[in-house]
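Listing of my_file_35.cif, mmCIF, C-alpha atoms and all ligand atoms
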```cif
data_final
loop_
_atom_site.label_atom_id
_atom_site.label_comp_id
_atom_site.auth_asym_id
_atom_site.auth_seq_id
_atom_site.Cartn_x
_atom_site.Cartn_y
_atom_site.Cartn_z
CA MET L 1 -10.71 16.38 -19.47
CA LYS L 2 -13.23 14.38 -17.49
CA LEU L 3 -13.39 11.00 -15.83
CA SER L 4 -16.46 9.01 -16.71
CA LEU L 5 -18.09 5.67 -16.00
CA PRO L 6 -21.05 4.00 -17.66
CA LYS L 7 -24.37 5.46 -16.45
CA ASP L 8 -25.49 2.18 -14.90
CA SER L 9 -22.18 1.56 -13.11
CA ALA L 10 -22.30 0.51 -9.45
CA MET L 11 -19.45 2.98 -9.02
CA GLN L 12 -21.88 5.83 -9.78
CA SER L 13 -23.78 5.04 -6.61
CA THR L 14 -23.13 6.85 -3.33
CA ASP L 15 -22.80 3.38 -1.76
CA PHE L 16 -19.45 3.10 -3.50
CA THR L 17 -16.62 4.70 -1.48
CA TYR L 18 -14.03 6.97 -3.09
CA GLY L 19 -10.93 8.08 -1.29
CA VAL L 20 -7.36 9.26 -1.47
CA ALA L 21 -4.39 7.55 0.19
CA THR L 22 -1.07 8.51 1.79
CA SER L 23 1.38 6.95 4.25
CA SER L 24 3.16 8.34 7.30
CA PHE L 25 6.84 8.24 6.29
CA GLN L 26 6.07 9.53 2.81
CA ILE L 27 4.36 12.76 3.90
CA GLU L 28 4.84 13.56 7.58
CA GLY L 29 8.34 14.95 8.14
CA ALA L 30 8.95 16.17 11.74
CA ALA L 31 11.26 13.21 12.28
CA GLU L 32 12.65 14.84 15.43
CA GLN L 33 9.30 14.25 17.15
CA ARG L 34 9.46 10.48 16.77
CA LEU L 35 11.91 7.62 17.17
CA PRO L 36 14.12 6.74 14.21
CA CYS L 37 12.82 4.08 11.83
CA ILE L 38 14.40 1.74 9.29
CA TRP L 39 13.70 4.19 6.48
CA ASP L 40 15.71 6.94 8.24
CA THR L 41 18.67 4.56 8.44
CA PHE L 42 18.20 3.42 4.84
CA CYS L 43 18.09 7.04 3.62
CA ASN L 44 21.35 7.71 5.44
CA THR L 45 23.05 4.80 3.68
CA PRO L 46 24.85 6.03 0.55
CA ASP L 47 23.30 5.22 -2.84
CA LYS L 48 20.07 3.71 -1.56
CA ILE L 49 17.82 6.64 -2.48
CA LYS L 50 18.10 7.94 -6.06
CA ASP L 51 18.17 11.65 -5.16
CA GLN L 52 19.92 11.09 -1.79
CA SER L 53 16.86 12.53 -0.05
CA THR L 54 15.32 11.65 3.32
CA GLY L 55 11.94 11.73 5.06
CA LEU L 56 13.04 14.34 7.59
CA VAL L 57 10.83 17.06 6.07
CA ALA L 58 8.80 15.29 3.34
CA CYS L 59 5.51 17.21 2.79
CA GLU L 60 5.58 18.79 6.29
CA HIS L 61 2.25 17.16 6.90
CA ILE L 62 2.72 17.22 10.69
CA GLU L 63 2.61 21.02 10.55
CA ARG L 64 0.21 21.36 7.66
CA TRP L 65 -2.31 18.68 8.55
CA GLN L 66 -5.22 21.10 8.85
CA GLU L 67 -4.60 22.54 5.39
CA ASP L 68 -4.19 18.98 4.07
CA LEU L 69 -7.49 17.83 5.54
CA ASP L 70 -9.21 20.88 4.00
CA LEU L 71 -7.64 19.87 0.70
CA ILE L 72 -8.95 16.31 1.07
CA ASP L 73 -12.38 17.71 1.89
CA SER L 74 -12.29 19.92 -1.20
CA LEU L 75 -11.86 16.78 -3.34
CA ASN L 76 -15.29 15.52 -2.20
CA VAL L 77 -13.95 12.15 -1.15
CA ASP L 78 -15.84 9.85 1.21
CA ALA L 79 -12.71 8.44 2.82
CA TYR L 80 -9.06 9.10 3.63
CA ARG L 81 -6.58 6.22 3.89
CA PHE L 82 -3.45 7.05 5.87
CA SER L 83 -1.01 5.19 8.08
CA ILE L 84 0.12 5.46 11.67
CA SER L 85 3.82 5.86 12.26
CA TRP L 86 4.69 3.16 14.80
CA PRO L 87 7.85 5.07 15.91
CA ARG L 88 5.73 8.20 16.51
CA VAL L 89 3.16 6.58 18.78
CA MET L 90 5.22 4.02 20.71
CA LEU L 91 8.20 4.45 23.03
CA GLU L 92 10.99 1.94 23.31
CA ASN L 93 9.68 0.76 26.70
CA GLY L 94 6.47 -0.45 25.05
CA THR L 95 4.20 2.39 26.24
CA LEU L 96 2.40 4.98 24.16
CA ASN L 97 4.02 8.25 23.14
CA HIS L 98 1.11 10.54 23.95
CA GLY L 99 2.39 13.40 21.78
CA GLY L 100 2.26 11.17 18.72
CA VAL L 101 -1.09 9.68 19.65
CA SER L 102 -2.67 13.13 20.02
CA PHE L 103 -1.49 14.07 16.56
CA TYR L 104 -3.55 11.22 15.08
CA LEU L 105 -6.48 11.82 17.41
CA GLN L 106 -6.73 15.37 16.03
CA ILE L 107 -6.79 13.98 12.51
CA LEU L 108 -9.40 11.37 13.37
CA ASP L 109 -11.61 13.93 15.12
CA ARG L 110 -11.35 16.42 12.26
CA LEU L 111 -12.19 13.71 9.72
CA LYS L 112 -15.26 12.83 11.75
CA GLU L 113 -16.34 16.50 11.79
CA LYS L 114 -15.95 16.60 8.04
CA ASN L 115 -17.80 13.32 7.65
CA ILE L 116 -14.83 11.66 5.95
CA LYS L 117 -14.27 8.02 6.90
CA ALA L 118 -10.87 7.15 8.38
CA TYR L 119 -9.17 4.11 6.80
CA VAL L 120 -6.18 3.53 9.03
CA THR L 121 -3.19 1.39 8.05
CA LEU L 122 -1.18 0.26 11.07
CA TYR L 123 2.05 -0.58 9.26
CA HIS L 124 3.21 1.08 6.07
CA TRP L 125 6.87 0.03 6.36
CA ASP L 126 8.30 2.42 8.97
CA LEU L 127 9.53 -0.12 11.53
CA PRO L 128 11.14 1.49 14.61
CA GLN L 129 14.91 1.14 14.26
CA TYR L 130 15.34 -0.31 17.77
CA ILE L 131 13.18 -3.26 16.69
CA GLU L 132 15.28 -3.75 13.57
CA ASP L 133 18.37 -3.70 15.76
CA ASN L 134 16.87 -6.75 17.42
CA GLY L 135 16.40 -8.60 14.13
CA GLY L 136 13.38 -6.73 12.71
CA TRP L 137 10.98 -8.92 10.76
CA LEU L 138 13.47 -11.80 10.86
CA ASN L 139 12.75 -12.02 14.57
CA ARG L 140 9.45 -13.70 15.41
CA GLU L 141 9.19 -11.45 18.47
CA THR L 142 8.48 -8.48 16.17
CA ALA L 143 5.08 -9.97 15.33
CA TYR L 144 4.16 -9.88 19.02
CA MET L 145 5.46 -6.32 19.36
CA PHE L 146 3.20 -5.34 16.46
CA SER L 147 0.25 -6.95 18.15
CA HIS L 148 1.04 -5.05 21.38
CA TYR L 149 1.25 -1.76 19.46
CA THR L 150 -2.07 -2.61 17.76
CA ASP L 151 -3.61 -3.29 21.15
CA LEU L 152 -2.59 0.06 22.66
CA ILE L 153 -3.33 2.16 19.60
CA SER L 154 -6.74 0.65 18.88
CA GLN L 155 -7.75 1.29 22.49
CA ALA L 156 -6.53 4.88 22.26
CA PHE L 157 -8.44 5.49 19.00
CA GLY L 158 -11.69 4.10 20.37
CA ASP L 159 -14.52 4.26 17.87
CA ARG L 160 -13.01 6.95 15.64
CA VAL L 161 -11.75 4.59 12.94
CA HIS L 162 -13.94 3.26 10.13
CA SER L 163 -11.54 0.59 8.90
CA TYR L 164 -8.18 -0.81 9.98
CA ALA L 165 -5.66 -2.44 7.68
CA THR L 166 -2.99 -4.31 9.62
CA LEU L 167 -0.23 -4.22 7.00
CA ASN L 168 0.38 -2.50 3.72
CA GLU L 169 1.96 -4.75 1.10
CA PRO L 170 3.97 -7.40 2.98
CA PHE L 171 5.53 -8.23 -0.41
CA CYS L 172 7.36 -4.89 -0.30
CA SER L 173 8.36 -4.89 3.35
CA GLY L 174 9.31 -8.59 3.22
CA TYR L 175 10.69 -9.31 -0.24
CA LEU L 176 12.01 -5.89 -1.25
CA GLY L 177 13.32 -5.19 2.25
CA TYR L 178 14.72 -8.57 3.33
CA GLU L 179 15.46 -10.48 0.12
CA ILE L 180 16.57 -8.14 -2.65
CA GLY L 181 17.39 -5.23 -0.37
CA ILE L 182 16.12 -2.35 -2.51
CA HIS L 183 13.90 -1.16 0.36
CA ALA L 184 14.71 -0.73 4.06
CA PRO L 185 16.34 -2.38 5.90
CA GLY L 186 18.27 -3.39 2.76
CA ILE L 187 18.96 -7.03 3.65
CA ILE L 188 19.86 -9.33 0.75
CA GLY L 189 19.56 -13.10 0.57
CA LYS L 190 17.03 -15.74 -0.47
CA GLN L 191 17.29 -17.28 2.98
CA TYR L 192 15.74 -14.16 4.51
CA GLY L 193 12.76 -13.06 2.39
CA LYS L 194 10.22 -15.75 3.18
CA LYS L 195 11.21 -15.83 6.85
CA ALA L 196 10.51 -12.11 7.17
CA ILE L 197 7.25 -12.46 5.21
CA HIS L 198 6.06 -15.22 7.52
CA HIS L 199 6.57 -13.03 10.58
CA LEU L 200 4.77 -10.17 8.84
CA LEU L 201 1.82 -12.45 8.10
CA LEU L 202 1.88 -13.72 11.68
CA ALA L 203 1.84 -10.09 12.87
CA HIS L 204 -1.22 -9.54 10.69
CA GLY L 205 -3.07 -12.52 12.16
CA LEU L 206 -2.23 -11.61 15.75
CA ALA L 207 -3.34 -8.02 15.13
CA MET L 208 -6.62 -9.24 13.62
CA GLN L 209 -7.35 -11.05 16.89
CA VAL L 210 -6.64 -7.86 18.83
CA LEU L 211 -8.77 -5.70 16.54
CA GLN L 212 -11.67 -8.09 16.73
CA LYS L 213 -11.55 -7.76 20.50
CA ASN L 214 -10.86 -4.01 20.82
CA SER L 215 -12.61 -2.72 17.75
CA PRO L 216 -15.29 -5.18 16.64
CA ASN L 217 -17.27 -2.52 14.79
CA THR L 218 -14.49 -1.41 12.48
CA ILE L 219 -13.93 -3.15 9.18
CA ASN L 220 -10.62 -4.94 9.68
CA GLY L 221 -8.41 -6.46 7.02
CA ILE L 222 -5.11 -6.27 5.14
CA VAL L 223 -3.75 -4.55 2.04
CA LEU L 224 -1.86 -6.68 -0.51
CA ASN L 225 -0.26 -5.59 -3.75
CA PHE L 226 -0.56 -7.67 -6.89
CA THR L 227 1.54 -7.50 -10.05
CA PRO L 228 0.00 -10.24 -12.17
CA GLY L 229 2.56 -12.16 -14.22
CA TYR L 230 2.01 -13.03 -17.88
CA ALA L 231 4.04 -15.35 -20.10
CA ILE L 232 5.95 -13.74 -22.97
CA SER L 233 4.91 -16.52 -25.35
CA ASP L 234 2.56 -19.46 -25.34
CA LYS L 235 5.44 -21.90 -25.00
CA ALA L 236 4.83 -24.25 -22.08
CA GLU L 237 8.09 -23.26 -20.39
CA ASP L 238 7.21 -19.55 -20.46
CA ILE L 239 3.71 -20.24 -19.15
CA ALA L 240 5.26 -22.26 -16.31
CA ALA L 241 7.70 -19.40 -15.63
CA ALA L 242 4.87 -16.86 -15.27
CA GLU L 243 2.97 -19.26 -13.04
CA LEU L 244 6.00 -19.72 -10.79
CA ALA L 245 6.45 -15.94 -10.50
CA ASN L 246 2.76 -15.62 -9.60
CA GLN L 247 3.19 -18.17 -6.83
CA HIS L 248 6.17 -16.30 -5.39
CA PHE L 249 4.89 -12.74 -5.71
CA ASN L 250 1.11 -12.93 -5.49
CA HIS L 251 -0.32 -16.20 -4.15
CA TRP L 252 2.36 -16.42 -1.45
CA TYR L 253 0.52 -13.66 0.41
CA ILE L 254 -3.17 -14.16 -0.28
CA LYS L 255 -3.30 -17.95 0.00
CA PRO L 256 -2.19 -18.27 3.64
CA ILE L 257 -4.52 -15.42 4.61
CA ILE L 258 -7.63 -16.76 2.89
CA GLU L 259 -6.94 -20.49 2.91
CA GLY L 260 -4.47 -21.03 5.75
CA ASN L 261 -1.82 -22.61 3.52
CA TYR L 262 1.23 -21.49 1.58
CA PRO L 263 1.32 -22.43 -2.13
CA ASP L 264 2.75 -25.91 -2.94
CA LEU L 265 5.91 -24.11 -3.92
CA LEU L 266 6.79 -24.23 -0.21
CA SER L 267 7.80 -27.89 -0.38
CA LYS L 268 10.00 -27.22 -3.43
CA LEU L 269 12.04 -24.49 -1.78
CA PRO L 270 15.51 -25.37 -0.50
CA MET L 271 15.32 -25.86 3.29
CA ASP L 272 17.22 -22.67 4.09
CA GLN L 273 14.72 -20.58 2.12
CA ARG L 274 11.64 -21.87 3.93
CA PRO L 275 9.90 -19.82 6.59
CA ASP L 276 9.91 -21.00 10.21
CA VAL L 277 6.27 -22.04 10.50
CA LEU L 278 5.31 -23.16 14.00
CA ALA L 279 2.22 -25.23 14.83
CA GLY L 280 -0.83 -22.96 14.91
CA ASP L 281 0.74 -20.12 12.88
CA LEU L 282 -1.35 -20.67 9.76
CA GLU L 283 -4.49 -20.75 11.82
CA ILE L 284 -3.61 -17.33 13.24
CA ILE L 285 -2.67 -15.99 9.81
CA SER L 286 -5.97 -17.12 8.28
CA HIS L 287 -8.11 -15.29 10.84
CA SER L 288 -11.13 -14.12 8.88
CA ILE L 289 -10.85 -10.62 7.40
CA ASP L 290 -13.69 -8.17 6.80
CA PHE L 291 -12.12 -6.84 3.61
CA LEU L 292 -9.20 -7.43 1.29
CA GLY L 293 -7.33 -4.32 0.14
CA VAL L 294 -5.91 -4.66 -3.36
CA ASN L 295 -3.18 -2.33 -4.63
CA TYR L 296 -2.60 -2.45 -8.36
CA TYR L 297 -0.25 -0.47 -10.60
CA THR L 298 1.01 -2.69 -13.41
CA ARG L 299 1.55 -6.22 -14.73
CA ALA L 300 4.79 -8.11 -15.38
CA VAL L 301 5.89 -10.33 -18.28
CA TYR L 302 8.11 -13.37 -17.74
CA ARG L 303 10.10 -15.86 -19.76
CA HIS L 304 11.69 -19.16 -18.78
CA ASP L 305 15.12 -18.97 -17.19
CA ASP L 306 17.28 -22.04 -16.61
CA ASP L 307 18.67 -20.84 -13.27
CA GLU L 308 15.79 -19.12 -11.52
CA GLY L 309 12.85 -20.64 -13.38
CA PHE L 310 11.66 -17.24 -14.56
CA SER L 311 13.06 -13.89 -15.58
CA GLN L 312 11.19 -10.64 -16.03
CA GLU L 313 11.14 -8.98 -19.44
CA LEU L 314 11.25 -5.22 -19.75
CA PRO L 315 8.11 -3.89 -21.40
CA GLN L 316 8.52 -3.00 -25.08
CA ASN L 317 6.33 -0.92 -27.37
CA VAL L 318 3.78 -0.29 -24.67
CA GLU L 319 2.74 2.84 -22.80
CA LEU L 320 4.84 3.36 -19.66
CA THR L 321 4.48 5.57 -16.60
CA ASP L 322 7.39 7.57 -15.21
CA MET L 323 8.28 4.53 -13.06
CA GLY L 324 8.81 2.55 -16.29
CA TRP L 325 5.71 0.50 -15.43
CA GLU L 326 3.48 -0.73 -18.23
CA VAL L 327 -0.01 0.77 -18.32
CA SER L 328 -2.29 -2.26 -18.39
CA PRO L 329 -5.90 -1.75 -17.29
CA ASN L 330 -6.96 -5.11 -18.75
CA ALA L 331 -4.58 -6.93 -16.42
CA PHE L 332 -6.33 -5.13 -13.56
CA THR L 333 -9.73 -6.51 -14.53
CA GLU L 334 -8.27 -9.97 -15.15
CA LEU L 335 -6.52 -9.92 -11.78
CA LEU L 336 -9.70 -9.04 -9.88
CA VAL L 337 -11.80 -11.58 -11.75
CA SER L 338 -9.25 -14.36 -11.33
CA LEU L 339 -8.75 -13.70 -7.60
CA ASN L 340 -12.50 -13.86 -7.22
CA GLU L 341 -12.64 -17.18 -9.08
CA GLN L 342 -9.78 -18.69 -7.15
CA TYR L 343 -10.49 -17.52 -3.61
CA GLN L 344 -13.44 -17.02 -1.28
CA LEU L 345 -12.96 -13.27 -1.07
CA PRO L 346 -14.45 -10.88 1.46
CA PRO L 347 -15.51 -7.48 0.02
CA VAL L 348 -12.61 -6.00 -1.95
CA TYR L 349 -11.36 -2.42 -1.64
CA ILE L 350 -8.99 -1.01 -4.21
CA THR L 351 -6.73 0.61 -1.64
CA GLU L 352 -4.19 2.02 -4.11
CA ASN L 353 -4.11 2.71 -7.82
CA GLY L 354 -2.46 5.54 -9.68
CA ALA L 355 0.51 6.59 -11.76
CA ALA L 356 3.73 8.60 -11.60
CA MET L 357 4.03 11.02 -14.48
CA VAL L 358 6.42 13.85 -15.32
CA ASP L 359 4.35 16.81 -14.17
CA GLU L 360 4.99 20.38 -15.19
CA ILE L 361 3.43 23.37 -13.56
CA HIS L 362 2.67 26.35 -15.84
CA ASP L 363 1.06 29.46 -14.40
CA GLY L 364 -0.12 27.43 -11.44
CA VAL L 365 -1.78 24.76 -13.60
CA ILE L 366 -0.79 21.11 -13.99
CA THR L 367 -2.39 19.54 -17.04
CA ASP L 368 -1.62 15.89 -16.37
CA ILE L 369 -3.57 14.36 -19.23
CA GLN L 370 -1.67 11.06 -19.17
CA ARG L 371 -2.59 10.55 -15.52
CA ILE L 372 -6.25 11.34 -16.24
CA ASN L 373 -6.16 8.72 -18.99
CA TYR L 374 -4.65 6.25 -16.52
CA TYR L 375 -7.43 6.87 -14.01
CA GLN L 376 -10.08 6.74 -16.71
CA SER L 377 -8.97 3.32 -17.96
CA HIS L 378 -8.34 1.87 -14.49
CA LEU L 379 -11.60 3.07 -12.94
CA ASN L 380 -13.36 1.46 -15.87
CA ALA L 381 -11.30 -1.69 -15.39
CA VAL L 382 -12.64 -1.87 -11.84
CA ASN L 383 -16.14 -1.35 -13.16
CA ASP L 384 -15.63 -4.23 -15.63
CA ALA L 385 -14.58 -6.50 -12.77
CA ILE L 386 -17.69 -5.53 -10.81
CA LYS L 387 -19.81 -6.36 -13.85
CA GLN L 388 -18.13 -9.77 -13.91
CA GLY L 389 -19.23 -10.42 -10.35
CA VAL L 390 -16.41 -9.16 -8.11
CA ASN L 391 -17.68 -7.47 -4.96
CA ILE L 392 -15.65 -4.22 -4.97
CA CYS L 393 -16.86 -1.47 -2.66
CA ALA L 394 -14.17 1.20 -2.61
CA TYR L 395 -11.45 2.86 -4.66
CA PHE L 396 -8.56 4.97 -3.35
CA ALA L 397 -6.33 7.06 -5.59
CA TRP L 398 -2.62 6.84 -4.84
CA SER L 399 -1.83 9.44 -3.90
CA LEU L 400 -3.44 12.49 -2.39
CA MET L 401 -0.25 14.44 -3.06
CA ASP L 402 3.28 14.03 -4.41
CA ASN L 403 5.51 12.60 -1.71
CA PHE L 404 8.65 10.61 -0.84
CA GLU L 405 8.52 7.68 -3.24
CA TRP L 406 10.83 5.35 -1.28
CA ALA L 407 14.00 4.40 -3.19
CA GLU L 408 13.05 6.95 -5.88
CA GLY L 409 13.08 9.82 -3.39
CA TYR L 410 11.10 12.86 -4.53
CA LEU L 411 11.81 12.24 -8.22
CA LYS L 412 8.52 10.46 -8.93
CA ARG L 413 5.22 12.25 -8.57
CA PHE L 414 2.16 10.11 -7.86
CA GLY L 415 -0.10 12.85 -6.47
CA ILE L 416 -3.37 14.16 -7.80
CA VAL L 417 -2.17 17.26 -5.94
CA TYR L 418 1.19 18.80 -6.87
CA VAL L 419 3.66 19.64 -4.11
CA ASP L 420 6.29 22.34 -4.61
CA TYR L 421 8.98 21.06 -2.24
CA GLN L 422 10.64 24.50 -1.99
CA THR L 423 7.54 26.25 -0.68
CA GLN L 424 5.37 23.25 0.32
CA LYS L 425 2.56 24.79 -1.74
CA ARG L 426 -0.09 22.30 -2.80
CA THR L 427 -1.87 22.71 -6.16
CA ILE L 428 -4.63 20.38 -7.32
CA LYS L 429 -3.67 18.84 -10.68
CA ALA L 430 -6.16 18.45 -13.55
CA SER L 431 -6.45 14.77 -12.49
CA GLY L 432 -7.45 15.85 -8.98
CA LEU L 433 -10.12 18.16 -10.36
CA ALA L 434 -11.41 15.40 -12.64
CA TYR L 435 -11.51 12.94 -9.72
CA ARG L 436 -13.37 15.50 -7.60
CA ASP L 437 -15.92 16.04 -10.38
CA LEU L 438 -16.47 12.30 -10.87
CA ILE L 439 -17.24 11.90 -7.17
CA GLU L 440 -19.42 15.01 -7.09
CA ALA L 441 -21.44 14.00 -10.16
CA ARG L 442 -22.27 10.73 -8.44
CA LYS L 443 -23.76 12.59 -5.52
CA ILE L 444 -26.32 14.48 -7.57
C1 LIG L 501 2.99 1.15 -3.24
C2 LIG L 501 3.13 1.73 -1.86
C3 LIG L 501 2.95 3.21 -1.78
C4 LIG L 501 3.51 3.92 -2.99
C5 LIG L 501 3.04 3.27 -4.27
C6 LIG L 501 3.52 3.95 -5.53
O1 LIG L 501 3.75 0.00 -3.35
O2 LIG L 501 2.21 1.14 -0.98
O3 LIG L 501 3.50 3.67 -0.58
O4 LIG L 501 4.88 3.98 -2.91
O5 LIG L 501 3.42 1.93 -4.29
#
```

How does the structure come out when it is put into structure tokens?
Amino acid sequence: MKLSLPKDSAMQSTDFTYGVATSSFQIEGAAEQRLPCIWDTFCNTPDKIKDQSTGLVACEHIERWQEDLDLIDSLNVDAYRFSISWPRVMLENGTLNHGGVSFYLQILDRLKEKNIKAYVTLYHWDLPQYIEDNGGWLNRETAYMFSHYTDLISQAFGDRVHSYATLNEPFCSGYLGYEIGIHAPGIIGKQYGKKAIHHLLLAHGLAMQVLQKNSPNTINGIVLNFTPGYAISDKAEDIAAAELANQHFNHWYIKPIIEGNYPDLLSKLPMDQRPDVLAGDLEIISHSIDFLGVNYYTRAVYRHDDDEGFSQELPQNVELTDMGWEVSPNAFTELLVSLNEQYQLPPVYITENGAAMVDEIHDGVITDIQRINYYQSHLNAVNDAIKQGVNICAYFAWSLMDNFEWAEGYLKRFGIVYVDYQTQKRTIKASGLAYRDLIEARKI
């Protein structure tokens, strides 16, 4: 099984960047060498993680990083997107933890030797627990602590980084973590979500100022996730429901960053659900970005609901991944084209795309045909968006390898490399081989 793109596709050019992505908490392990974070606490809270697992060991990446970088190299990728664990590189007194910093310096130096570009995410959800104990993202002060951490770490990394993303998916850390509580720190209440999100966005803007000063030659931006909402019928009330969901879950993040304003929805929210926006905040948040990272997995379908305005429908008679997410490559193209029509976008990077499937290993081989089909249709969906005028320069597969999938624990496998958690053996899946060949073919 192969992955293929049209011969004349811009994605067949070596100017287009292909990569694989991971994040710190999901792969690193060696928790004893860093401070505790909100995900450690969440994992230790009964019934939060489906298989009751933790990130204490994960993929043992801290010990196996050299083997993992060789694996990345063997996939022919141009770039590796990974995140820095804030609790590994910072001490509670606000100074650097040099042990943690050297771990990442080794990675950055090895990537440079291998000519693989480092795409560094500064926050992929592992907030130090001592900061949460002080209010976490509900406390405005956390935004300034993030900017301080960004300051020290970007100085320590010097010119080794190709691209910085401030945050990964503030929707997840803000809404899932502080409104519906299915992610760490598990706080529930409509009065919290948008307050936490505002401080996350403020942290992003403050960090952009720091990066522009410390690291003006890196390509600095943010990674947002989008789950485009569709109406279940063409009834006006269902169309309005989908539009409302889109304002809450998608535009709420991109609009302040690109345009310096929250959606009009802001003025319709009950007072206690509004964020605490101080004078000058939106100016900071809308600091210009060099790229927009887009993570896409699926779409959502909504119908009108008298209480909430919208309610999500479970997908029926459609192909699903192991997460229960609908496979919808067309929604991916439509999302990219509509964002491009609606906003003045900087260059777009697809910073995550991929699928969890039930993988079986037989005689050391994983024939993950359904995942190959997913990549085939979604890579071509990106190509269709490029043909329709969207400036997309990079694509990262989520994920390099199977890892700790947050509230799902180790039950869901997103890797293009299989991980045997008993032995920590890594085996490239058929999808990984197909991805490697697609990238290689382009180079000829
Ligand atoms: C995204 C996260 C990533 C991974 C994928 C499946 O929301 O950024 O860490 O969990 O989903």

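Interatomic distance, CA of Ala245 in chain L against CA of Thr351 in chain L: 22.9 Å.
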
#### Entry: Surrounding residues of Val294 in chain L excluding itself and chain neighbours under 3 positions, 7 Å, all atoms listed in the file, as number ranges by chain
L: 223-225, 348-352

#### Entry: Neighbourhood of ligand LIG 501 (chain L) at 10 Å, counting all atoms listed in the file, reported as an NGL selection string
:L and (21-26 or 83 or 124-125 or 167-173 or 223-226 or 295-297 or 323 or 351-356 or 398-399 or 403-408 or 412-415)

### Task
Could you jot down the CA of Arg88 in chain L to CA of Thr45 in chain L separation for me, Å, one decimal place?
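These atoms are spaced 21.8 Å apart.
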
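Among the candidate residues L:Leu314, L:Val382, L:Ala196, L:Ala430, the one lying nearest to Gly135 in chain L is L:Ala196, with distances computed using only C-alpha atoms.
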
### Summary
CA of Glu283 in chain L to CA of Ile257 in chain L measures 9.0 Å

### Message
Here is a test: counting all atoms listed in the file, which residue of L:Leu282, L:Asn93, L:Asp322, L:Gln191 is nearest to Pro270 in chain L?
### Response
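Residue with the minimum atom-to-atom distance to Pro270 in chain L: L:Gln191.
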
### Task
Counting only C-alpha atoms, note down every residue that has an atom within 7 Å of the point (-8.7, -4.1, -13.3) (file coordinates), as number ranges by chain.
L: 329-336, 378, 381-382, 385

Next, dump the selected residues to file, keeping only C-alpha atoms, as a PDB file, keeping the file's coordinate frame.
```
ATOM      1  CA  PRO L 329      -5.900  -1.750 -17.290  1.00  0.00           C
ATOM      2  CA  ASN L 330      -6.960  -5.110 -18.750  1.00  0.00           C
ATOM      3  CA  ALA L 331      -4.580  -6.930 -16.420  1.00  0.00           C
ATOM      4  CA  PHE L 332      -6.330  -5.130 -13.560  1.00  0.00           C
ATOM      5  CA  THR L 333      -9.730  -6.510 -14.530  1.00  0.00           C
ATOM      6  CA  GLU L 334      -8.270  -9.970 -15.150  1.00  0.00           C
ATOM      7  CA  LEU L 335      -6.520  -9.920 -11.780  1.00  0.00           C
ATOM      8  CA  LEU L 336      -9.700  -9.040  -9.880  1.00  0.00           C
ATOM      9  CA  HIS L 378      -8.340   1.870 -14.490  1.00  0.00           C
ATOM     10  CA  ALA L 381     -11.300  -1.690 -15.390  1.00  0.00           C
ATOM     11  CA  VAL L 382     -12.640  -1.870 -11.840  1.00  0.00           C
ATOM     12  CA  ALA L 385     -14.580  -6.500 -12.770  1.00  0.00           C
TER      13      ALA L 385
END
```

### Query
What's the 9 Å shell around Pro275 in chain L, counting only C-alpha atoms, without same-chain residues fewer than 3 positions away, as a VMD selection string?
chain L and resid 191 to 199 266 271 to 272

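Considering only C-alpha atoms, the residue among L:Ile239, L:Ile153, L:Ile416, L:Ile187 positioned nearest to Leu400 in chain L is L:Ile416.
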
### Residues near Leu108 in chain L, cut-off 9 Å, only C-alpha atoms, skip fewer than 6 positions along chain, as an MDAnalysis selection string
chainID L and resid 117:118 157 160:161

### Task
Would you mind telling me which residue in L:Leu211, L:Ile62, L:Ala156, L:Leu35 lies nearest to Tyr130 in chain L when using only C-alpha atoms?
L:Leu35

### Task
Using only C-alpha atoms, pick whichever of L:Ile361, L:Ile72, L:Ala241, L:Ile49 has the shortest atom-to-atom distance to Asp306 in chain L.
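Ranked by minimum distance to Asp306 in chain L, first place goes to L:Ala241.
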
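Residue nearest Ala207 in chain L, chosen from L:Ala240, L:Met11, L:Ile27, L:Leu152 and counting only C-alpha atoms: L:Leu152.
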
### Message
Show me the residues close to (4.5, 18.5, -4.1) - anything with an atom within 10 Å, counting all atoms listed in the file - and format the list as an MDAnalysis selection string.
### Response
chainID L and resid 27 58:59 401:404 410 413:428

### Task
For Asp238 in chain L, list every protein, DNA or RNA residue within 8 Å, evaluated using all atoms listed in the file, and leave out those in the same chain fewer than 6 positions away; present the list as a ChimeraX atom specification.
/L:231-232,302-304,310

### Query
Skipping near chain neighbours, those fewer than 5 positions away, what residues fall within 9 Å of His162 in chain L using all atoms listed in the file, listed as a VMD selection string?
chain L and resid 117 to 120 217 to 220
